[in-house]
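Undergrad: Handing you a structure now.
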Amino acid sequence: MAKVLLNGINVHYQIKGEGPDVVLIHGVTSTLAIWYTKVIPALAPDYRVIAYDLRGHGYTDLTPSGYTSRDMAVDLLALMDHLGIEQARLVGHSFGGSIGLHLALLHPDRVAGVVLSDTGIACLRHLRTIRDWPGWDLYREQLAQYGITYDWFVDAENRDVSEVIRKSFEIPQQFGPRKGSMRATPRLRKLVDETNVSGEFRQIAGLTEERLTEISTPVVAVYGETSPYKEMGVHLANVMPNCRCEILSGTGHFYLLLSPELFLERIRGFLRDPAGFIADRNGSDGENREAARQVDSAQPGQQRCRS
């Protein structure tokens, strides 16, 4: 187990493979273990894959604060410096994608490309379609057993998102190697109860809508068809100069665990050549527009979002 002292905390990381550097960034309340089953084995033959635990997560030290996307981008930059990584491809799931975008904004020379894996971005929260989330119909009875309804969710989130996180601890794991087990570990409860993570990860912290348009780094935004964050990917493809949106049919926010092969298929070309991938896809829109099913033809620029 490799650890290094960075920005006053011990950061846990793992490295597999050789080749161009790919850094995997997990989301809030997750750990680097989310990448181990499928993603790391699939990428390690062609890349040097670095996975690490965010501040306060997994085996990385917990601190009272320091959980905004900007704080986390600073931690990531320090890890890259320690490992001698001049430029990396970043793959971020959920909040991990915001960290990748923030680093691309602050240090574009250090980021070759960013893969957003169903990333919710604080400044685009108004685009989240939680009311229309299919899960309210699919899992209504199951969620109700734990006291979770749409009205409860919105009310709790408006007061303190930590209530939503704590409530999620009551629901057993629905998929993955720990399916059926309880999600909350003592360390995870400590993260939520003793730090500012619940409020800080939702802060815009400088990653504003206006500044998103300044990011020229190649970005592929991969979102689940039933994810409440899907419209964020659509929007990013419309406003960011080198962003492409890919929609994965029949899956939602946690497709990384449910359909990792589908995700890997969508990002392989991008990881090989981020700039070339974006240029080729955008250049082929005129020829393939009829073949590329659009998520919402009423929205301008939608030809850049494929499913």
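Residues in the structure tokens are named by chain (A, B, ... in the order shown) and by number from 1 within that chain; ligands are numbered from 1 in the order shown.
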Residues within 9 Å of region 204-220 of chain A, please, as a PyMOL selection string. Count only C-alpha atoms; anything in the same chain fewer than 6 positions from it doesn't count.
TA: chain A and resi 68-71+98+101-102+104-105+108-109+111-117+121-124+233+236-237+239-246+267+270+274-278
Undergrad: For Glu18 (chain A), list every protein, DNA or RNA residue within 12 Å, evaluated using only C-alpha atoms, and leave out those in the same chain fewer than 2 positions away; present the list as a short mmCIF file (atom, residue, chain, number, x, y, z; two decimals) with C-alpha atoms, in the first residue's frame.
TA:
data_model
loop_
_atom_site.label_atom_id
_atom_site.label_comp_id
_atom_site.auth_asym_id
_atom_site.auth_seq_id
_atom_site.Cartn_x
_atom_site.Cartn_y
_atom_site.Cartn_z
CA ILE A 15 -0.16 2.17 -9.74
CA LYS A 16 -0.62 -0.55 -12.36
CA PRO A 20 0.84 7.16 -20.93
CA ASP A 21 -0.47 8.24 -17.53
CA VAL A 22 -4.17 7.80 -16.73
CA ILE A 40 -7.84 -0.96 -13.98
CA LEU A 43 -6.46 -0.13 -19.00
CA ALA A 44 -3.23 -1.37 -17.38
CA PRO A 45 -1.96 -3.22 -20.50
CA ASP A 46 -1.76 0.10 -22.40
CA TYR A 47 -1.34 2.79 -19.74
CA ARG A 48 0.27 3.56 -16.42
CA VAL A 49 -2.90 3.69 -14.35
CA ILE A 50 -2.89 5.65 -11.10
#
Undergrad: Skip Ala2 (chain A) itself and residues of its chain fewer than 4 positions away, then list as a list in words all residues within 7 Å of it, counting only C-alpha atoms.
TA: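 Counting only the stated atoms, we get His12, Tyr13 and Gln14 of chain A.
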Undergrad: Please determine, counting only C-alpha atoms, which residue among A:Glu265, A:Glu200, A:Glu231, A:Asp273 has the shortest atom-to-atom distance to Asp118 (chain A).
TA: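 Using only C-alpha atoms, the shortest distance to Asp118 (chain A) belongs to A:Glu231.
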Undergrad: Select from region 195-257 of chain A everything DSSP, run on the backbone, classes as strand (DSSP E), then give the selection as a list of chain:residue names.
TA: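 After running DSSP on the backbone, region 195-257 of chain A has strand (DSSP E) at A:Val219, A:Val220, A:Ala221, A:Val222, A:Tyr223, A:Gly224, A:Cys243, A:Arg244, A:Cys245, A:Glu246, A:Ile247, A:Leu248.
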